Amino acid sequence: MYHRLFFLLLLVGLPSTLTWAAPVQQEFSDWQVTCNNQNFCTARNVGLHHGLVMTLTRSAGAHNDSTLRIELGGPENVLPKIAPIAPRLLLDGAPLKLPGEHWQITPWHLSSTDSATINAFLEHIQDAQALTLVRGTQNISLQGLKAALLFVDDRQKRVGSETAWIGKGDDPPLSVPPAPALKTVVKVNPTPTPFSREEFNALLDYGTMRMNNSQCSLDPLRREVWVTPLTDDKALLMQSCESGAYNTIYRAWLVTRQKPFVAQAVRLRLPFQPADSDEREIELVNLTFDEKTRELATLDKGRGQGDCGVQTRWRYDGQRFRLVRYAGQPTCDNWQGPDAWPTLWITR
């Protein structure tokens, strides 16, 4: 009885951070915050910045790893013709004095990974209105910055600790919970046996037959079929089905490699509930398969430039495809491509 009671008390006492954190993405006026399942948070200004962007990142836990970057970029700025930005930065119209000692400065980029420097800089600017450039239209709005910083403090349970950005207190750094354990999705059969010529032709014929009999809106002359070895006994079959201006919807199946072919539809189900959807299952948008990483990827573009939307990557575990990375950028502001979007979900 004593051992059973001790085990129950131990379970009650386990910190909630041992499980994954629910991903979140939220805007505060002109600032966007994204925190993933590791409670790693990214905050940056969005909107009409004309290519001048400040980005903050912070890991969960007592070690207090953080970064701050101010950079000029985007399609509006032809960088070789633009003067260095550090001497031209203005804070509410007055020359910006960089507090702290540890800055890395190049012509169009300022950054720091030093906690004391970052804290001093944020304290210096958090109640101001904007960072701008002399003789430039570029603008980092600071509207919402303070709320965004407080959100990160609250999310990482730093409020009341010495490490908080806004909600500082006297609690020691070790009072901050660690990051949740990182989940692992193991690669299954990473080097499957290549198709023989007969195997490939038979599977391609099978895929073509499925395509010709499918109820897809895409013009039959524009439909395509791909087939690739997934494991030694299964193939991945993909077929384009519907298409818009910049997104194409696919269908995909796991197919046995030997006749009689048996197909199972590929369904991609998220391990969390997206804030903007009632469904966890996502469409196969702009579907690709990387034969080097053995990962299935989707890219749902918000517009043709590809500067906003959702990118996901999935790995086959022997039963189904499991999510290994989910990145999203809801604001279309000509800043980053999909590989640089903030993550809401990561795994090993």
# chains A, B, ... in the order shown; residues from 1 in each chain; ligands from 1

call {"tool": "residues_around", "arguments": {"residues": "Arg58 of chain A", "least_positions_apart": "4", "cutoff": "9 Å", "atoms": "only C-alpha atoms", "output": "PyMOL selection string"}}
result
chain A and resi 39-43+64-67+152

call {"tool": "write_last_selection", "arguments": {"atoms": "N, CA, C and O atoms", "output": "PDB file, in the first residue's frame"}}
result
ATOM      1  N   ASN A  39       8.334  24.715 -26.306  1.00  0.00           N
ATOM      2  CA  ASN A  39       8.267  26.039 -25.679  1.00  0.00           C
ATOM      3  C   ASN A  39       9.404  26.935 -26.148  1.00  0.00           C
ATOM      4  O   ASN A  39       9.822  27.857 -25.424  1.00  0.00           O
ATOM      5  N   PHE A  40       9.927  26.679 -27.338  1.00  0.00           N
ATOM      6  CA  PHE A  40      10.866  27.590 -27.979  1.00  0.00           C
ATOM      7  C   PHE A  40      10.040  28.668 -28.664  1.00  0.00           C
ATOM      8  O   PHE A  40       9.163  28.361 -29.479  1.00  0.00           O
ATOM      9  N   CYS A  41      10.300  29.921 -28.324  1.00  0.00           N
ATOM     10  CA  CYS A  41       9.453  31.011 -28.799  1.00  0.00           C
ATOM     11  C   CYS A  41      10.216  31.946 -29.728  1.00  0.00           C
ATOM     12  O   CYS A  41      11.391  32.259 -29.498  1.00  0.00           O
ATOM     13  N   THR A  42       9.522  32.394 -30.768  1.00  0.00           N
ATOM     14  CA  THR A  42      10.045  33.365 -31.721  1.00  0.00           C
ATOM     15  C   THR A  42       9.074  34.530 -31.794  1.00  0.00           C
ATOM     16  O   THR A  42       7.868  34.331 -31.919  1.00  0.00           O
ATOM     17  N   ALA A  43       9.602  35.738 -31.722  1.00  0.00           N
ATOM     18  CA  ALA A  43       8.764  36.936 -31.839  1.00  0.00           C
ATOM     19  C   ALA A  43       9.408  37.882 -32.849  1.00  0.00           C
ATOM     20  O   ALA A  43      10.630  38.048 -32.862  1.00  0.00           O
ATOM     21  N   ASN A  64      18.393  29.939 -20.344  1.00  0.00           N
ATOM     22  CA  ASN A  64      18.137  31.300 -20.824  1.00  0.00           C
ATOM     23  C   ASN A  64      18.831  31.610 -22.154  1.00  0.00           C
ATOM     24  O   ASN A  64      19.386  32.697 -22.353  1.00  0.00           O
ATOM     25  N   ASP A  65      18.833  30.664 -23.087  1.00  0.00           N
ATOM     26  CA  ASP A  65      19.383  30.923 -24.418  1.00  0.00           C
ATOM     27  C   ASP A  65      18.434  31.822 -25.191  1.00  0.00           C
ATOM     28  O   ASP A  65      17.252  31.499 -25.353  1.00  0.00           O
ATOM     29  N   SER A  66      18.936  32.949 -25.676  1.00  0.00           N
ATOM     30  CA  SER A  66      18.114  33.868 -26.452  1.00  0.00           C
ATOM     31  C   SER A  66      18.953  34.546 -27.516  1.00  0.00           C
ATOM     32  O   SER A  66      20.183  34.606 -27.416  1.00  0.00           O
ATOM     33  N   THR A  67      18.286  35.044 -28.555  1.00  0.00           N
ATOM     34  CA  THR A  67      18.957  35.789 -29.616  1.00  0.00           C
ATOM     35  C   THR A  67      18.114  37.004 -29.976  1.00  0.00           C
ATOM     36  O   THR A  67      16.889  36.994 -29.812  1.00  0.00           O
ATOM     37  N   VAL A 152       5.657  35.678 -23.900  1.00  0.00           N
ATOM     38  CA  VAL A 152       6.742  34.686 -23.860  1.00  0.00           C
ATOM     39  C   VAL A 152       7.098  34.366 -22.410  1.00  0.00           C
ATOM     40  O   VAL A 152       7.291  33.196 -22.042  1.00  0.00           O
TER      41      VAL A 152
END

call {"tool": "closest_atom_pairs", "arguments": {"of": "segment 137-220 of chain A", "to": "segment 115-130 of chain A", "cutoff": "8 Å", "atoms": "only C-alpha atoms", "output": "Markdown table"}}
result
| residue | atom | partner | partner_atom | distance |
| --- | --- | --- | --- | --- |
| A:Asn139 | CA | A:Ala130 | CA | 6.7 |
| A:Ile140 | CA | A:Ala130 | CA | 5.5 |
| A:Ser141 | CA | A:Ala130 | CA | 4.5 |
| A:Leu142 | CA | A:Ala130 | CA | 5.0 |
| A:Gln143 | CA | A:Gln129 | CA | 6.2 |
| A:Leu145 | CA | A:Gln126 | CA | 6.5 |
| A:Lys146 | CA | A:Gln126 | CA | 5.7 |
| A:Trp165 | CA | A:Asn119 | CA | 6.7 |

call {"tool": "residues_around", "arguments": {"residues": "Gly136 of chain A", "least_positions_apart": "4", "cutoff": "12 Å", "atoms": "only C-alpha atoms", "output": "list in words"}}
result
His49, His50, Gly51, Leu52, Leu72, Glu76, Asn77, Ile82, Ala83, Pro84, Ile85, Arg88, Leu89, Leu90, Gly93, Leu131, Thr132 and Ile140 of chain A

call {"tool": "write_last_selection", "arguments": {"atoms": "all heavy atoms", "output": "tab-separated table (two decimals), in the first residue's frame"}}
result
chain	number	residue	atom	x	y	z
A	49	HIS	N	6.71	46.73	-42.69
A	49	HIS	CA	8.05	47.05	-42.19
A	49	HIS	C	9.01	47.44	-43.32
A	49	HIS	O	10.11	47.94	-43.06
A	49	HIS	CB	8.63	45.88	-41.42
A	49	HIS	CG	8.50	44.56	-42.11
A	49	HIS	ND1	9.16	44.25	-43.28
A	49	HIS	CD2	7.78	43.46	-41.79
A	49	HIS	CE1	8.86	43.02	-43.64
A	49	HIS	NE2	8.00	42.51	-42.77
A	50	HIS	N	8.63	47.19	-44.58
A	50	HIS	CA	9.46	47.52	-45.74
A	50	HIS	C	10.86	46.90	-45.64
A	50	HIS	O	11.84	47.48	-46.11
A	50	HIS	CB	9.56	49.04	-45.93
A	50	HIS	CG	8.24	49.70	-46.18
A	50	HIS	ND1	7.53	49.55	-47.36
A	50	HIS	CD2	7.49	50.51	-45.38
A	50	HIS	CE1	6.41	50.24	-47.29
A	50	HIS	NE2	6.35	50.82	-46.10
A	51	GLY	N	10.93	45.72	-45.03
A	51	GLY	CA	12.19	44.97	-45.02
A	51	GLY	C	13.10	45.23	-43.84
A	51	GLY	O	14.23	44.75	-43.83
A	52	LEU	N	12.63	45.95	-42.81
A	52	LEU	CA	13.41	46.13	-41.58
A	52	LEU	C	12.72	45.35	-40.47
A	52	LEU	O	11.60	45.69	-40.07
A	52	LEU	CB	13.51	47.61	-41.21
A	52	LEU	CG	14.43	47.94	-40.02
A	52	LEU	CD1	15.88	47.58	-40.31
A	52	LEU	CD2	14.32	49.42	-39.64
A	72	LEU	N	18.03	44.05	-42.34
A	72	LEU	CA	17.39	44.65	-43.51
A	72	LEU	C	17.43	43.65	-44.64
A	72	LEU	O	18.47	43.03	-44.92
A	72	LEU	CB	18.15	45.93	-43.92
A	72	LEU	CG	17.54	46.74	-45.07
A	72	LEU	CD1	16.22	47.37	-44.64
A	72	LEU	CD2	18.51	47.83	-45.53
A	76	GLU	N	12.26	44.54	-51.43
A	76	GLU	CA	12.25	46.00	-51.61
A	76	GLU	C	13.64	46.61	-51.50
A	76	GLU	O	13.85	47.75	-51.93
A	76	GLU	CB	11.35	46.65	-50.56
A	76	GLU	CG	9.89	46.26	-50.64
A	76	GLU	CD	9.08	46.97	-49.56
A	76	GLU	OE1	9.20	48.20	-49.44
A	76	GLU	OE2	8.33	46.29	-48.84
A	77	ASN	N	14.58	45.88	-50.92
A	77	ASN	CA	15.88	46.47	-50.61
A	77	ASN	C	16.99	45.82	-51.43
A	77	ASN	O	17.26	44.62	-51.28
A	77	ASN	CB	16.17	46.32	-49.12
A	77	ASN	CG	15.16	47.03	-48.26
A	77	ASN	OD1	15.03	48.25	-48.30
A	77	ASN	ND2	14.40	46.27	-47.47
A	82	ILE	N	22.63	49.99	-50.49
A	82	ILE	CA	22.08	50.62	-49.29
A	82	ILE	C	23.18	50.77	-48.24
A	82	ILE	O	23.95	49.83	-47.98
A	82	ILE	CB	20.92	49.79	-48.74
A	82	ILE	CG1	19.76	49.79	-49.75
A	82	ILE	CG2	20.43	50.34	-47.40
A	82	ILE	CD1	18.56	48.99	-49.32
A	83	ALA	N	23.24	51.93	-47.61
A	83	ALA	CA	24.25	52.20	-46.59
A	83	ALA	C	24.02	51.33	-45.36
A	83	ALA	O	22.89	50.88	-45.09
A	83	ALA	CB	24.19	53.68	-46.20
A	84	PRO	N	25.08	51.06	-44.58
A	84	PRO	CA	24.92	50.27	-43.35
A	84	PRO	C	23.83	50.84	-42.45
A	84	PRO	O	23.66	52.06	-42.36
A	84	PRO	CB	26.30	50.36	-42.70
A	84	PRO	CG	27.25	50.56	-43.84
A	84	PRO	CD	26.49	51.41	-44.82
A	85	ILE	N	23.13	49.94	-41.76
A	85	ILE	CA	21.96	50.38	-41.00
A	85	ILE	C	22.27	50.79	-39.58
A	85	ILE	O	21.57	51.64	-39.02
A	85	ILE	CB	20.85	49.30	-41.00
A	85	ILE	CG1	21.31	48.03	-40.28
A	85	ILE	CG2	20.41	49.00	-42.43
A	85	ILE	CD1	20.19	47.02	-40.09
A	88	ARG	N	22.38	54.41	-38.78
A	88	ARG	CA	21.20	55.15	-39.23
A	88	ARG	C	19.94	54.81	-38.46
A	88	ARG	O	18.87	55.32	-38.75
A	88	ARG	CB	20.97	54.89	-40.73
A	88	ARG	CG	22.11	55.36	-41.62
A	88	ARG	CD	21.69	55.38	-43.09
A	88	ARG	NE	21.42	54.06	-43.62
A	88	ARG	CZ	20.30	53.74	-44.27
A	88	ARG	NH1	19.34	54.64	-44.44
A	88	ARG	NH2	20.14	52.53	-44.75
A	89	LEU	N	20.05	53.93	-37.47
A	89	LEU	CA	18.86	53.55	-36.71
A	89	LEU	C	18.41	54.68	-35.79
A	89	LEU	O	19.22	55.30	-35.10
A	89	LEU	CB	19.14	52.30	-35.88
A	89	LEU	CG	19.10	50.96	-36.64
A	89	LEU	CD1	19.64	49.84	-35.76
A	89	LEU	CD2	17.66	50.63	-37.08
A	90	LEU	N	17.10	54.90	-35.82
A	90	LEU	CA	16.47	55.93	-34.98
A	90	LEU	C	15.45	55.28	-34.06
A	90	LEU	O	14.72	54.36	-34.47
A	90	LEU	CB	15.77	56.98	-35.83
A	90	LEU	CG	16.60	57.71	-36.89
A	90	LEU	CD1	15.69	58.59	-37.75
A	90	LEU	CD2	17.69	58.55	-36.23
A	93	GLY	N	12.64	58.69	-33.68
A	93	GLY	CA	13.19	59.86	-34.35
A	93	GLY	C	14.54	60.32	-33.87
A	93	GLY	O	15.17	61.19	-34.50
A	131	LEU	N	11.30	51.85	-34.38
A	131	LEU	CA	12.68	51.96	-34.86
A	131	LEU	C	12.60	52.23	-36.36
A	131	LEU	O	11.91	51.52	-37.08
A	131	LEU	CB	13.46	50.67	-34.60
A	131	LEU	CG	13.88	50.37	-33.16
A	131	LEU	CD1	14.31	48.91	-33.03
A	131	LEU	CD2	15.02	51.29	-32.75
A	132	THR	N	13.31	53.24	-36.82
A	132	THR	CA	13.30	53.58	-38.24
A	132	THR	C	14.73	53.84	-38.70
A	132	THR	O	15.69	53.76	-37.90
A	132	THR	CB	12.44	54.83	-38.50
A	132	THR	OG1	12.91	55.90	-37.66
A	132	THR	CG2	10.97	54.57	-38.19
A	140	ILE	N	10.34	49.45	-37.93
A	140	ILE	CA	10.02	48.39	-36.97
A	140	ILE	C	9.05	48.99	-35.96
A	140	ILE	O	9.45	49.75	-35.06
A	140	ILE	CB	11.27	47.87	-36.24
A	140	ILE	CG1	12.25	47.22	-37.23
A	140	ILE	CG2	10.88	46.86	-35.15
A	140	ILE	CD1	13.57	46.80	-36.60

call {"tool": "atom_distance", "arguments": {"atom1": "atom CA of Leu284 of chain A", "atom2": "atom CA of Arg348 of chain A"}}
result
22.7 Å

call {"tool": "closest_residue", "arguments": {"among": "A:Cys332, A:Val324, A:Cys308, A:Met209", "to": "Leu182 of chain A", "atoms": "only C-alpha atoms"}}
result
A:Val324

call {"tool": "closest_residue", "arguments": {"among": "A:Thr231, A:Gln239, A:Ser112, A:Gln336", "to": "Asn189 of chain A", "atoms": "only C-alpha atoms"}}
result
A:Thr231

call {"tool": "residues_around", "arguments": {"residues": "Gln305 of chain A", "least_positions_apart": "4", "cutoff": "12 Å", "atoms": "only C-alpha atoms", "output": "ChimeraX atom specification"}}
result
/A:74-75,245-247,300-301,309,332-338

call {"tool": "select_by_dssp", "arguments": {"residues": "segment 148-243 of chain A", "states": "strand (DSSP E)", "output": "list in words"}}
result
Val225, Trp226, Val227, Thr228, Pro229, Lys234, Ala235, Leu236, Leu237, Met238, Gln239, Ser240, Cys241, Glu242 and Ser243 of chain A

call {"tool": "write_last_selection", "arguments": {"atoms": "N, CA, C and O atoms", "output": "mmCIF file, in the first residue's frame"}}
result
data_model
loop_
_atom_site.group_PDB
_atom_site.id
_atom_site.type_symbol
_atom_site.label_atom_id
_atom_site.label_comp_id
_atom_site.auth_asym_id
_atom_site.auth_seq_id
_atom_site.Cartn_x
_atom_site.Cartn_y
_atom_site.Cartn_z
ATOM 1 N N VAL A 225 1.645 11.286 -62.184
ATOM 2 C CA VAL A 225 1.755 10.200 -61.203
ATOM 3 C C VAL A 225 3.228 9.994 -60.874
ATOM 4 O O VAL A 225 4.078 10.012 -61.769
ATOM 5 N N TRP A 226 3.523 9.848 -59.572
ATOM 6 C CA TRP A 226 4.867 9.510 -59.127
ATOM 7 C C TRP A 226 4.793 8.255 -58.265
ATOM 8 O O TRP A 226 3.836 8.060 -57.512
ATOM 9 N N VAL A 227 5.835 7.447 -58.333
ATOM 10 C CA VAL A 227 5.911 6.274 -57.476
ATOM 11 C C VAL A 227 7.367 6.099 -57.046
ATOM 12 O O VAL A 227 8.290 6.294 -57.840
ATOM 13 N N THR A 228 7.566 5.792 -55.770
ATOM 14 C CA THR A 228 8.920 5.645 -55.234
ATOM 15 C C THR A 228 8.923 4.562 -54.168
ATOM 16 O O THR A 228 7.905 4.348 -53.488
ATOM 17 N N PRO A 229 10.049 3.836 -53.999
ATOM 18 C CA PRO A 229 10.110 2.836 -52.918
ATOM 19 C C PRO A 229 10.055 3.508 -51.553
ATOM 20 O O PRO A 229 10.775 4.474 -51.305
ATOM 21 N N LYS A 234 6.694 -1.826 -49.426
ATOM 22 C CA LYS A 234 5.687 -0.816 -49.734
ATOM 23 C C LYS A 234 6.272 0.273 -50.630
ATOM 24 O O LYS A 234 7.438 0.636 -50.519
ATOM 25 N N ALA A 235 5.398 0.793 -51.503
ATOM 26 C CA ALA A 235 5.747 1.929 -52.360
ATOM 27 C C ALA A 235 4.842 3.097 -52.008
ATOM 28 O O ALA A 235 3.741 2.919 -51.484
ATOM 29 N N LEU A 236 5.324 4.299 -52.294
ATOM 30 C CA LEU A 236 4.524 5.501 -52.136
ATOM 31 C C LEU A 236 4.086 5.958 -53.513
ATOM 32 O O LEU A 236 4.910 6.201 -54.395
ATOM 33 N N LEU A 237 2.770 6.062 -53.691
ATOM 34 C CA LEU A 237 2.180 6.490 -54.963
ATOM 35 C C LEU A 237 1.524 7.852 -54.762
ATOM 36 O O LEU A 237 0.717 8.016 -53.848
ATOM 37 N N MET A 238 1.878 8.828 -55.594
ATOM 38 C CA MET A 238 1.317 10.184 -55.478
ATOM 39 C C MET A 238 0.734 10.602 -56.820
ATOM 40 O O MET A 238 1.291 10.304 -57.866
ATOM 41 N N GLN A 239 -0.393 11.328 -56.741
ATOM 42 C CA GLN A 239 -1.092 11.751 -57.953
ATOM 43 C C GLN A 239 -1.630 13.160 -57.778
ATOM 44 O O GLN A 239 -2.268 13.474 -56.768
ATOM 45 N N SER A 240 -1.340 14.059 -58.727
ATOM 46 C CA SER A 240 -1.919 15.403 -58.677
ATOM 47 C C SER A 240 -3.397 15.318 -59.038
ATOM 48 O O SER A 240 -3.795 14.560 -59.927
ATOM 49 N N CYS A 241 -4.227 16.112 -58.344
ATOM 50 C CA CYS A 241 -5.675 15.927 -58.470
ATOM 51 C C CYS A 241 -6.428 17.230 -58.756
ATOM 52 O O CYS A 241 -7.284 17.268 -59.634
ATOM 53 N N GLU A 242 -6.106 18.287 -58.014
ATOM 54 C CA GLU A 242 -6.773 19.575 -58.205
ATOM 55 C C GLU A 242 -5.721 20.670 -58.159
ATOM 56 O O GLU A 242 -4.715 20.544 -57.472
ATOM 57 N N SER A 243 -5.957 21.751 -58.889
ATOM 58 C CA SER A 243 -4.952 22.799 -58.937
ATOM 59 C C SER A 243 -5.589 24.181 -58.990
ATOM 60 O O SER A 243 -6.594 24.390 -59.674
#

call {"tool": "closest_residue", "arguments": {"among": "A:Ser59, A:Thr347, A:Gln138, A:Thr208", "to": "Asp153 of chain A", "atoms": "only C-alpha atoms"}}
result
A:Ser59

call {"tool": "select_by_dssp", "arguments": {"residues": "segment 87-254 of chain A", "states": "alpha helix (DSSP H)", "output": "PyMOL selection string"}}
result
chain A and resi 115-125+145-155+197-212
